[in-house]
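Report on the following structure.
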Amino acid sequence: MIELMNNIIITSLVGIISLGVAFGNSISAIAAIRATYIQPRANKEILKASLLGIVLSETSAIIGFVMAIILLGSQQSSIYSEYVIYSKLGIFFALCIPGFTIGLVSSLPVKYACMSIARQPFFSSKILNLMFLTLTFIQSPIIFGFIISLIINFKASSITTVADSIRMISAGLSLGIGSIGPSIGLALFAKSACHAIGINRNSYNKIFTFCFVSEALLETPIVFALITSLLLVSSTAISPLACVGMLASALCVGISNIFPGISSGRIAAAACQEIALNPNNYSLVSRTSLIAQGLIDSLAVYGWLISLMLIFLLK
């Protein structure tokens, strides 16, 4: 039974993440075909954008594959107890949830970048730069998940109690659930940014500058989830109340990130469209958007503070 659970976790790392990536890549490929139909002369640039997007989207699947290999290697050299297997559920949550989500949503900026190249074929290099930048930000949650998974795998061999198993599960849940909203928000913003360049290529410099600040705000809730996960894997659980507190902490920071992450992304996406339509209002639009995003992120801060209190006070 223990070996079966371990094999299910390993298989899921590749299978579930690959489902999201495969579906997302199909959307990117279909968009490239449609963009080529609209503008056949830009076929090479459109193909380059779709291939680059697909390669970057593959990051999640590659990380899942690497982690599966690591787990297979440790399986050959270790005798697992049920507590070790339970703790490795944290790896499942830390990688599968963000990996599947990112695999799906990464197709959005690729799709709209292809369409923008079809409209602005002589501006394809700038559109590619913007797509690459935004896609790189979208991949950050799976990188964080990989870091947490490595730590959990390193500590798993010393897990001997249910409390410690719950601690590792909580660490994975914190980052896994906490990355859903920001990942979707980042993708919505990236989609809008790539689309906006197709509307008005003269707005490129303003949108490119806006991307750095806005995406930093969108990444903030993910950092909260990462810090909470690191605290959970490094703390101790010595009582049933502490176990409940750690699970509650993970759910608190995770759920608190969902809607602020999506809402912040929607605001930034709307700002990109307005900047493209009227670049002269860049200062006003960008300032309004950043203030609104900051206020929305404060909701994630509240959830994060409560999660920290649950970790440190319920020991």
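Chain identifiers are assigned as A, B, and so on, following the order in which chains appear in the structure tokens; residues are numbered from 1 within each chain, and ligands are numbered from 1 in order of appearance.
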Within 12 Å of Glu82 (chain A) using only C-alpha atoms, minus same-chain residues under 3 positions, as a PyMOL selection string: chain A and resi 1-6+79+85-89+156-157+159-162+164-165
Please produce an output containing C-alpha atoms for each residue in the selection, written as a compact mmCIF listing (two decimals), in the first residue's frame.
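Wrote it out as out.txt, contents follow:
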# COMPACT_ATOMS: atom_id res chain seq x y z
CA MET A 1 0.00 0.00 0.00
CA ILE A 2 2.85 2.36 0.86
CA GLU A 3 4.63 1.64 -2.42
CA LEU A 4 1.36 2.13 -4.30
CA MET A 5 0.83 5.59 -2.76
CA ASN A 6 4.40 6.55 -3.56
CA ILE A 79 12.70 2.20 3.11
CA ILE A 85 4.62 8.88 2.14
CA TYR A 86 2.07 11.17 3.79
CA SER A 87 4.65 13.96 3.92
CA LYS A 88 5.32 13.56 0.19
CA LEU A 89 1.75 14.57 -0.49
CA ALA A 156 11.04 13.32 4.40
CA SER A 157 13.50 10.61 5.42
CA ILE A 159 9.67 12.12 9.31
CA THR A 160 8.49 9.79 12.07
CA THR A 161 5.21 11.33 13.31
CA VAL A 162 1.81 12.28 11.94
CA ASP A 164 5.48 16.24 10.94
CA SER A 165 3.67 14.69 7.98
Please provide the set of residues having any atom within 7 Å of Ile258 (chain A), restricted to only C-alpha atoms, with same-chain residues fewer than 4 positions apart removed, written as a ChimeraX atom specification. /A:178,180-182,254,262
Residue among A:Ala35, A:Leu284, A:Val253, A:Ala271 lying closest to Ile306 (chain A), counting only C-alpha atoms: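 Looking only at the distances to Ile306 (chain A), the closest residue turns out to be A:Val253.
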With a cut-off of 12 Å, could you pull out the residues of region 155-236 of chain A touching region 97-114 of chain A and give me the nearest pair of atoms for each, distance in Å to one decimal, using only C-alpha atoms, ordered by chain and ascending number, as a Markdown table?
| residue | atom | partner | partner_atom | distance |
| --- | --- | --- | --- | --- |
| A:Gly172 | CA | A:Ile97 | CA | 9.5 |
| A:Leu173 | CA | A:Ile97 | CA | 8.8 |
| A:Ser174 | CA | A:Ile97 | CA | 10.7 |
| A:Leu175 | CA | A:Pro98 | CA | 8.2 |
| A:Gly176 | CA | A:Ile97 | CA | 5.2 |
| A:Ile177 | CA | A:Ile97 | CA | 6.9 |
| A:Gly178 | CA | A:Pro98 | CA | 8.7 |
| A:Ser179 | CA | A:Pro98 | CA | 6.0 |
| A:Ile180 | CA | A:Pro98 | CA | 6.3 |
| A:Gly181 | CA | A:Thr101 | CA | 9.4 |
| A:Pro182 | CA | A:Pro98 | CA | 10.0 |
| A:Ser183 | CA | A:Ile102 | CA | 6.4 |
| A:Ile184 | CA | A:Val105 | CA | 6.4 |
| A:Gly185 | CA | A:Val105 | CA | 9.4 |
| A:Leu186 | CA | A:Val105 | CA | 8.8 |
| A:Ala187 | CA | A:Val105 | CA | 5.8 |
| A:Leu188 | CA | A:Leu108 | CA | 7.3 |
| A:Phe189 | CA | A:Pro109 | CA | 8.4 |
| A:Ala190 | CA | A:Pro109 | CA | 5.3 |
| A:Lys191 | CA | A:Pro109 | CA | 4.1 |
| A:Ser192 | CA | A:Pro109 | CA | 7.6 |
| A:Ala193 | CA | A:Pro109 | CA | 8.0 |
| A:Cys194 | CA | A:Ala113 | CA | 5.1 |
| A:His195 | CA | A:Tyr112 | CA | 5.3 |
| A:Ala196 | CA | A:Tyr112 | CA | 9.1 |
| A:Ile197 | CA | A:Ala113 | CA | 8.6 |
| A:Gly198 | CA | A:Ala113 | CA | 7.9 |
| A:Ile199 | CA | A:Tyr112 | CA | 11.0 |
| A:Ile222 | CA | A:Pro98 | CA | 10.7 |
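In this structure, CA of Asn257 (chain A) sits 5.4 Å away from CA of Ala300 (chain A).
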Distance in Å - CA of Val301 (chain A) versus CA of Leu230 (chain A): 16.8 Å
Under the rule that only C-alpha atoms are counted, which of A:Ser125, A:Ser18, A:Asn205, A:Asn200 is the nearest residue to Asn278 (chain A)? A:Asn200
Name the residues in contact with Leu52 (chain A) at a cut-off of 10 Å, using only C-alpha atoms, excluding same-chain residues fewer than 3 positions from it; report them as a list in words. Ile46, Leu47, Lys48, Ala49, Val55, Leu56, Ser57, Glu58, Val110, Leu128, Met131, Phe132 and Leu135 of chain A
